[in-house]
Structures are given as C-alpha cells and as structure tokens.
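Student: File target05.pdb follows (PDB, C-alpha atoms):
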```pdb
ATOM      1  CA  MET Q   8      15.810 -18.366  -6.137
ATOM      2  CA  HIS Q   9      16.025 -18.382  -2.369
ATOM      3  CA  ILE Q  10      13.434 -18.875   0.373
ATOM      4  CA  TRP Q  11      13.744 -16.447   3.289
ATOM      5  CA  VAL Q  12      11.828 -17.080   6.497
ATOM      6  CA  ASP Q  13      11.038 -14.343   9.000
ATOM      7  CA  ALA Q  14      11.519 -16.982  11.667
ATOM      8  CA  ASP Q  15      10.946 -15.176  14.974
ATOM      9  CA  ALA Q  16       7.175 -15.664  14.864
ATOM     10  CA  CYS Q  17       6.944 -18.481  12.322
ATOM     11  CA  PRO Q  18       5.164 -21.531  13.779
ATOM     12  CA  VAL Q  19       7.261 -24.692  14.121
ATOM     13  CA  VAL Q  20       4.863 -26.713  11.963
ATOM     14  CA  VAL Q  21       5.240 -24.167   9.143
ATOM     15  CA  LYS Q  22       9.033 -24.319   9.422
ATOM     16  CA  GLU Q  23       8.838 -28.100   9.081
ATOM     17  CA  ILE Q  24       6.776 -27.753   5.897
ATOM     18  CA  ILE Q  25       9.355 -25.291   4.540
ATOM     19  CA  PHE Q  26      12.223 -27.665   5.419
ATOM     20  CA  ARG Q  27      10.579 -30.527   3.517
ATOM     21  CA  ALA Q  28       9.883 -28.320   0.488
ATOM     22  CA  ALA Q  29      13.449 -26.940   0.460
ATOM     23  CA  GLU Q  30      14.886 -30.459   0.466
ATOM     24  CA  ARG Q  31      12.423 -31.808  -2.103
ATOM     25  CA  LYS Q  32      12.912 -28.879  -4.508
ATOM     26  CA  GLN Q  33      16.590 -28.345  -3.592
ATOM     27  CA  ILE Q  34      16.108 -24.635  -2.899
ATOM     28  CA  ALA Q  35      18.427 -22.602  -0.685
ATOM     29  CA  THR Q  36      16.470 -21.578   2.409
ATOM     30  CA  THR Q  37      17.501 -19.241   5.215
ATOM     31  CA  LEU Q  38      15.670 -18.646   8.479
ATOM     32  CA  VAL Q  39      16.397 -15.224   9.960
ATOM     33  CA  ALA Q  40      15.693 -14.521  13.636
ATOM     34  CA  ASN Q  41      17.025 -12.640  16.628
ATOM     35  CA  GLN Q  42      17.365 -15.904  18.524
ATOM     36  CA  PHE Q  43      18.978 -19.252  17.761
ATOM     37  CA  ILE Q  44      16.824 -21.301  15.376
ATOM     38  CA  LYS Q  45      17.561 -24.982  15.072
ATOM     39  CA  VAL Q  46      17.493 -26.260  11.514
ATOM     40  CA  PRO Q  47      17.948 -29.801  10.219
ATOM     41  CA  PRO Q  48      21.314 -30.775   8.792
ATOM     42  CA  SER Q  49      21.021 -29.899   5.112
ATOM     43  CA  LYS Q  50      23.035 -28.333   2.354
ATOM     44  CA  TYR Q  51      19.946 -26.281   1.446
ATOM     45  CA  ILE Q  52      18.817 -24.991   4.841
ATOM     46  CA  ASN Q  53      20.583 -22.601   7.216
ATOM     47  CA  SER Q  54      19.782 -19.960   9.780
ATOM     48  CA  VAL Q  55      21.082 -16.497  10.521
ATOM     49  CA  GLN Q  56      20.873 -15.023  13.996
ATOM     50  CA  VAL Q  57      20.707 -11.231  14.100
ATOM     51  CA  SER Q  58      20.904  -8.928  17.086
ATOM     52  CA  ALA Q  59      17.745  -8.160  19.031
ATOM     53  CA  GLY Q  60      15.873  -5.054  18.043
ATOM     54  CA  PHE Q  61      12.878  -3.732  16.191
ATOM     55  CA  ASP Q  62      12.839  -4.948  12.556
ATOM     56  CA  VAL Q  63      16.471  -6.177  12.652
ATOM     57  CA  ALA Q  64      15.511  -9.560  11.150
ATOM     58  CA  ASP Q  65      13.272  -7.866   8.565
ATOM     59  CA  ASN Q  66      16.087  -5.516   7.544
ATOM     60  CA  GLU Q  67      18.493  -8.457   7.185
ATOM     61  CA  ILE Q  68      16.070 -10.209   4.850
ATOM     62  CA  VAL Q  69      15.570  -7.064   2.769
ATOM     63  CA  GLN Q  70      19.342  -6.519   2.456
ATOM     64  CA  ARG Q  71      19.919 -10.063   1.188
ATOM     65  CA  LEU Q  72      16.779 -10.389  -0.931
ATOM     66  CA  GLN Q  73      16.983 -10.751  -4.703
ATOM     67  CA  PRO Q  74      14.137 -10.287  -7.202
ATOM     68  CA  GLY Q  75      12.275 -13.581  -7.612
ATOM     69  CA  ASP Q  76      13.041 -14.813  -4.080
ATOM     70  CA  LEU Q  77      10.269 -15.934  -1.747
ATOM     71  CA  VAL Q  78       9.735 -14.621   1.783
ATOM     72  CA  VAL Q  79       7.567 -16.344   4.388
ATOM     73  CA  THR Q  80       6.355 -13.730   6.863
ATOM     74  CA  GLN Q  81       3.383 -12.538   8.884
ATOM     75  CA  ASP Q  82       4.805  -9.006   8.857
ATOM     76  CA  ILE Q  83       2.715  -6.979   6.414
ATOM     77  CA  PRO Q  84       5.139  -4.009   6.090
ATOM     78  CA  LEU Q  85       7.935  -6.497   5.319
ATOM     79  CA  ALA Q  86       5.730  -8.201   2.726
ATOM     80  CA  ASP Q  87       5.053  -4.813   1.123
ATOM     81  CA  GLU Q  88       8.782  -4.099   0.890
ATOM     82  CA  VAL Q  89       9.427  -7.583  -0.505
ATOM     83  CA  LEU Q  90       6.865  -7.030  -3.268
ATOM     84  CA  THR Q  91       8.358  -3.607  -4.044
ATOM     85  CA  LEU Q  92      11.763  -5.282  -4.526
ATOM     86  CA  GLY Q  93      10.341  -7.768  -7.047
ATOM     87  CA  ALA Q  94      10.187 -10.796  -4.789
ATOM     88  CA  HIS Q  95       7.229 -12.852  -3.535
ATOM     89  CA  ALA Q  96       5.697 -13.118  -0.069
ATOM     90  CA  ILE Q  97       3.388 -15.610   1.617
ATOM     91  CA  ASN Q  98       2.173 -15.817   5.194
ATOM     92  CA  PRO Q  99       2.159 -18.943   7.404
ATOM     93  CA  ARG Q 100      -1.552 -19.483   6.703
ATOM     94  CA  GLY Q 101      -0.838 -19.771   2.977
ATOM     95  CA  GLU Q 102      -2.151 -16.354   1.965
ATOM     96  CA  LEU Q 103      -0.156 -14.934  -0.907
ATOM     97  CA  TYR Q 104       0.619 -11.234  -0.643
ATOM     98  CA  THR Q 105       0.232  -9.473  -3.974
ATOM     99  CA  LYS Q 106       0.430  -5.928  -5.270
ATOM    100  CA  ALA Q 107      -3.365  -6.113  -5.568
ATOM    101  CA  ASN Q 108      -3.977  -6.941  -1.880
ATOM    102  CA  ILE Q 109      -1.029  -5.564   0.081
ATOM    103  CA  LYS Q 110      -2.274  -1.959   0.419
ATOM    104  CA  ALA Q 111      -5.623  -3.110   1.830
ATOM    105  CA  ARG Q 112      -3.779  -5.349   4.292
ATOM    106  CA  LEU Q 113      -1.535  -2.456   5.329
ATOM    107  CA  ASN Q 114      -4.576  -0.229   5.854
ATOM    108  CA  MET Q 115      -6.307  -2.881   7.985
ATOM    109  CA  ARG Q 116      -3.104  -3.422   9.998
ATOM    110  CA  ASP Q 117      -2.804   0.305  10.642
ATOM    111  CA  PHE Q 118      -6.483   0.542  11.601
ATOM    112  CA  MET Q 119      -6.152  -2.336  14.090
ATOM    113  CA  GLU Q 120      -2.998  -0.738  15.521
ATOM    114  CA  THR Q 121      -4.902   2.512  16.030
ATOM    115  CA  LEU Q 122      -7.661   0.618  17.857
ATOM    116  CA  ARG Q 123      -5.135  -1.152  20.086
ATOM    117  CA  SER Q 124      -3.321   2.087  20.910
ATOM    118  CA  SER Q 125      -6.697   3.574  21.883
ATOM    119  CA  GLY Q 126      -7.147   0.817  24.439
ATOM    120  CA  VAL Q 127      -9.521  -1.368  22.436
ATOM    121  CA  HIS Q 128      -8.777  -5.067  22.924
ATOM    122  CA  THR Q 129      -8.823  -6.538  19.428
ATOM    123  CA  GLY Q 130      -7.544 -10.033  20.221
ATOM    124  CA  GLY Q 131      -5.086 -11.815  18.038
ATOM    125  CA  PRO Q 132      -5.370 -14.199  15.156
ATOM    126  CA  PRO Q 133      -6.842 -17.616  15.879
ATOM    127  CA  PRO Q 134      -4.382 -20.473  16.444
ATOM    128  CA  LEU Q 135      -3.040 -22.206  13.368
ATOM    129  CA  ASN Q 136      -5.252 -25.211  12.609
ATOM    130  CA  HIS Q 137      -4.942 -28.231  10.327
ATOM    131  CA  SER Q 138      -6.687 -26.412   7.486
ATOM    132  CA  ASP Q 139      -4.214 -23.503   7.754
ATOM    133  CA  ARG Q 140      -1.248 -25.885   7.653
ATOM    134  CA  LYS Q 141      -2.640 -27.678   4.596
ATOM    135  CA  ASN Q 142      -3.392 -24.367   2.899
ATOM    136  CA  PHE Q 143       0.181 -23.180   3.531
ATOM    137  CA  ALA Q 144       1.715 -26.428   2.232
ATOM    138  CA  ASP Q 145      -0.468 -26.420  -0.901
ATOM    139  CA  GLN Q 146       0.123 -22.744  -1.646
ATOM    140  CA  LEU Q 147       3.878 -23.142  -1.073
ATOM    141  CA  ASP Q 148       4.031 -26.105  -3.469
ATOM    142  CA  ARG Q 149       2.073 -24.241  -6.162
ATOM    143  CA  LEU Q 150       4.156 -21.106  -5.773
ATOM    144  CA  LEU Q 151       7.503 -22.933  -5.830
ATOM    145  CA  ALA Q 152       6.464 -24.905  -8.920
ATOM    146  CA  LYS Q 153       5.483 -21.675 -10.681
ATOM    147  CA  LEU Q 154       8.666 -19.860  -9.659
ATOM    148  CA  LEU Q 155      10.908 -22.753 -10.667
ATOM    149  CA  ARG Q 156       9.147 -23.033 -14.058
ATOM    150  CA  SER Q 157       9.613 -19.324 -14.708
ATOM    151  CA  ARG Q 158      13.378 -19.628 -14.081
ATOM    152  CA  LYS Q 159      13.826 -22.173 -16.880
TER     153      LYS Q 159
END
```
Output the structure of this file as structure tokens.

Tutor:
Amino acid sequence: MHIWVDADACPVVVKEIIFRAAERKQIATTLVANQFIKVPPSKYINSVQVSAGFDVADNEIVQRLQPGDLVVTQDIPLADEVLTLGAHAINPRGELYTKANIKARLNMRDFMETLRSSGVHTGGPPPLNHSDRKNFADQLDRLLAKLLRSRK
C-alpha cells in the first residue's frame, strides 16, 4: 500500500497530518506536484516534482498507482480514475470518494464549471477549518486501519 498526495493544492495542515500518519503506520507516501514540495526527513515520505502542465501531476499518480493504494486529492476526475483502477481516494476535508458518490460529484463539478464558463460567479469552497482538519485526520486513520487490516 502506498499513499499518493496530489500536492499542488493540498493544504499544508493536511500534509502535516499525512506525514504523521505515514510515520506512525510506516506507510510509503509520495507527494506529487509541479513545484518543489518540502517533506520531512523520513524513510517513508518523499516527493516527486513533475513538469508544469495541465494534469501532469495527476497523470504521474495514475501511472504509478497500484490497486489498494490511497490518493489524497481534491480533483474529482482524478478520484474517479483512482476508483476505476481499484484504489481509494479521499479529499482534504476527509470526504471519502466512493463508486456510489463519485458520479454525482462529477456531475456537480461539470455543472459548476458550466456556470463559471457562462460568467456566473460561483465562489470557491470555504477555507479549511478546525472541524475539516479533524474530520480528515479521523477519516484517514479509519481508512488506513481498514486498508492495513485487509492486507493481512
């Protein structure tokens, strides 16, 4: 099992939670971004810098992904591809993407994109708050425990 982080837009506080979990559970973790990402010295945590460009980091994750891996991403099309490949996906607010909810999320994303391209100002998501951080940490712990149990 490997944790992959779509790190370009991942909040620092979420990365710190991931770093602690990777160390505690001794799980290989890779942050993928099109810029340099500083990671703590660890035999479990590393980063990969890819060239700039649309979906370059996402494509790198998909190429390296194995069934059963976990991807942390806000990118709904990437999450859909991750699920299709037999891996798991969670967003930085702790929401687990599943085969049951991903199509509805894709439809909503596409609808919002259509509104934005029509000139409607839709705003963005609210800032990450303490509750979101706790939800992410709790969901990550539950998911890692489940995934590690299923490997044994």

Student: Need the shell around Val46 of chain Q: protein/DNA/RNA residues with any atom at most 9 Å away, counting all atoms listed in the file. Skip same-chain ones fewer than 6 positions apart. Format as a CSV table (one decimal) with C-alpha atoms, in the frame of the given file?

Tutor:
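Okay, this is what ended up in around19.csv:
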```csv
chain,number,residue,atom,x,y,z
Q,22,LYS,CA,9.0,-24.3,9.4
Q,26,PHE,CA,12.2,-27.7,5.4
Q,38,LEU,CA,15.7,-18.6,8.5
Q,52,ILE,CA,18.8,-25.0,4.8
Q,53,ASN,CA,20.6,-22.6,7.2
Q,54,SER,CA,19.8,-20.0,9.8
```

Student: Atom CA of Gly93 of chain Q and atom CA of Gly75 of chain Q, how far apart in Å?

Tutor: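 Those two atoms sit 6.2 Å apart.
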
Student: Find the spatial neighbours of Gln81 of chain Q, counting all atoms listed in the file, within a cut-off of 7 Å - ignore same-chain residues fewer than 2 positions away - and output them as an MDAnalysis selection string.

Tutor: chainID Q and resid 83 98:99

Student: Please identify all polymer residues lying at most 6 Å from the point (14.7, -19.0, 13.0) (file coordinates), using all atoms listed in the file, and present the result as an mmCIF file with C-alpha atoms, keeping the file's coordinate frame.

Tutor:
```
data_model
loop_
_atom_site.group_PDB
_atom_site.id
_atom_site.type_symbol
_atom_site.label_atom_id
_atom_site.label_comp_id
_atom_site.auth_asym_id
_atom_site.auth_seq_id
_atom_site.Cartn_x
_atom_site.Cartn_y
_atom_site.Cartn_z
ATOM 1 C CA ALA Q 14 11.519 -16.982 11.667
ATOM 2 C CA ASP Q 15 10.946 -15.176 14.974
ATOM 3 C CA LEU Q 38 15.670 -18.646 8.479
ATOM 4 C CA VAL Q 39 16.397 -15.224 9.960
ATOM 5 C CA ALA Q 40 15.693 -14.521 13.636
ATOM 6 C CA ILE Q 44 16.824 -21.301 15.376
#
```

Student: So what do you get for atom CA of Ala152 of chain Q versus atom CA of Glu23 of chain Q, distance-wise?

Tutor: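 Answer for the atom CA of Ala152 of chain Q to atom CA of Glu23 of chain Q separation: 18.4 Å.
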
Student: With all atoms listed in the file counted, which protein, DNA or RNA residues have an atom no more than 12 Å from (3.3, -12.5, 2.7) in the file frame? Please answer as a PyMOL selection string.

Tutor: chain Q and resi 11-13+17+77-90+94-106+108-109+112-113+143+146-147

Student: Interatomic distance between atom CA of Ala107 of chain Q and atom CA of Leu92 of chain Q?

Tutor: 15.2 Å

Student: Which of these residues is nearest to Ala28 of chain Q, using all atoms listed in the file: Q:Val63, Q:Leu150, Q:Val57, Q:Val69?

Tutor: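 For Ala28 of chain Q, the nearest of the candidates is Q:Leu150.
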
Student: Could you tell me which of Q:Gln70, Q:Phe61, Q:Ile25, Q:Lys141 comes closest to Asn41 of chain Q if we count only C-alpha atoms?

Tutor: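 Going through Q:Gln70, Q:Phe61, Q:Ile25, Q:Lys141 one by one, the smallest distance to Asn41 of chain Q is for Q:Phe61.
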
Student: N, CA, C and O atoms are needed for segment 33-54 of chain Q; please write them out as a short mmCIF file (atom, residue, chain, number, x, y, z; two decimals), in the frame of the given file.

Tutor:
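That gives us part_22.cif:
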```
data_model
loop_
_atom_site.label_atom_id
_atom_site.label_comp_id
_atom_site.auth_asym_id
_atom_site.auth_seq_id
_atom_site.Cartn_x
_atom_site.Cartn_y
_atom_site.Cartn_z
N GLN Q 33 15.18 -28.73 -3.62
CA GLN Q 33 16.59 -28.34 -3.59
C GLN Q 33 16.76 -26.82 -3.76
O GLN Q 33 17.48 -26.35 -4.64
N ILE Q 34 16.09 -26.10 -2.87
CA ILE Q 34 16.11 -24.64 -2.90
C ILE Q 34 16.80 -24.12 -1.65
O ILE Q 34 16.44 -24.51 -0.53
N ALA Q 35 17.75 -23.22 -1.82
CA ALA Q 35 18.43 -22.60 -0.68
C ALA Q 35 17.39 -21.87 0.17
O ALA Q 35 16.56 -21.13 -0.34
N THR Q 36 17.44 -22.13 1.47
CA THR Q 36 16.47 -21.58 2.41
C THR Q 36 17.20 -21.07 3.64
O THR Q 36 18.04 -21.77 4.20
N THR Q 37 16.87 -19.84 4.04
CA THR Q 37 17.50 -19.24 5.22
C THR Q 37 16.43 -18.73 6.17
O THR Q 37 15.54 -17.98 5.76
N LEU Q 38 16.54 -19.14 7.42
CA LEU Q 38 15.67 -18.65 8.48
C LEU Q 38 16.42 -17.53 9.19
O LEU Q 38 17.57 -17.72 9.58
N VAL Q 39 15.78 -16.38 9.33
CA VAL Q 39 16.40 -15.22 9.96
C VAL Q 39 15.61 -14.90 11.23
O VAL Q 39 14.39 -14.76 11.19
N ALA Q 40 16.35 -14.79 12.36
CA ALA Q 40 15.69 -14.52 13.64
C ALA Q 40 16.68 -13.86 14.58
O ALA Q 40 17.89 -13.93 14.38
N ASN Q 41 16.14 -13.25 15.64
CA ASN Q 41 17.02 -12.64 16.63
C ASN Q 41 17.31 -13.59 17.79
O ASN Q 41 17.76 -13.17 18.83
N GLN Q 42 17.03 -14.85 17.57
CA GLN Q 42 17.36 -15.90 18.52
C GLN Q 42 17.87 -17.11 17.74
O GLN Q 42 17.70 -17.18 16.52
N PHE Q 43 18.49 -18.05 18.43
CA PHE Q 43 18.98 -19.25 17.76
C PHE Q 43 17.79 -20.05 17.25
O PHE Q 43 16.83 -20.29 17.96
N ILE Q 44 17.85 -20.46 15.98
CA ILE Q 44 16.82 -21.30 15.38
C ILE Q 44 17.50 -22.59 14.93
O ILE Q 44 18.43 -22.56 14.12
N LYS Q 45 17.01 -23.69 15.46
CA LYS Q 45 17.56 -24.98 15.07
C LYS Q 45 17.00 -25.39 13.71
O LYS Q 45 15.79 -25.31 13.48
N VAL Q 46 17.90 -25.79 12.84
CA VAL Q 46 17.49 -26.26 11.51
C VAL Q 46 18.08 -27.65 11.31
O VAL Q 46 19.10 -28.01 11.90
N PRO Q 47 17.43 -28.46 10.47
CA PRO Q 47 17.95 -29.80 10.22
C PRO Q 47 19.26 -29.74 9.44
O PRO Q 47 19.50 -28.77 8.71
N PRO Q 48 20.09 -30.75 9.60
CA PRO Q 48 21.31 -30.78 8.79
C PRO Q 48 20.94 -30.90 7.31
O PRO Q 48 20.21 -31.80 6.92
N SER Q 49 21.39 -29.94 6.52
CA SER Q 49 21.02 -29.90 5.11
C SER Q 49 21.96 -28.96 4.38
O SER Q 49 22.37 -27.95 4.94
N LYS Q 50 22.24 -29.28 3.13
CA LYS Q 50 23.04 -28.33 2.35
C LYS Q 50 22.18 -27.21 1.78
O LYS Q 50 22.69 -26.25 1.24
N TYR Q 51 20.85 -27.30 1.97
CA TYR Q 51 19.95 -26.28 1.45
C TYR Q 51 19.40 -25.34 2.51
O TYR Q 51 18.88 -24.28 2.19
N ILE Q 52 19.48 -25.74 3.78
CA ILE Q 52 18.82 -24.99 4.84
C ILE Q 52 19.84 -24.46 5.85
O ILE Q 52 20.69 -25.21 6.31
N ASN Q 53 19.73 -23.17 6.18
CA ASN Q 53 20.58 -22.60 7.22
C ASN Q 53 19.81 -21.52 7.97
O ASN Q 53 18.70 -21.16 7.59
N SER Q 54 20.41 -21.04 9.02
CA SER Q 54 19.78 -19.96 9.78
C SER Q 54 20.80 -18.86 10.03
O SER Q 54 22.00 -19.10 10.05
#
```
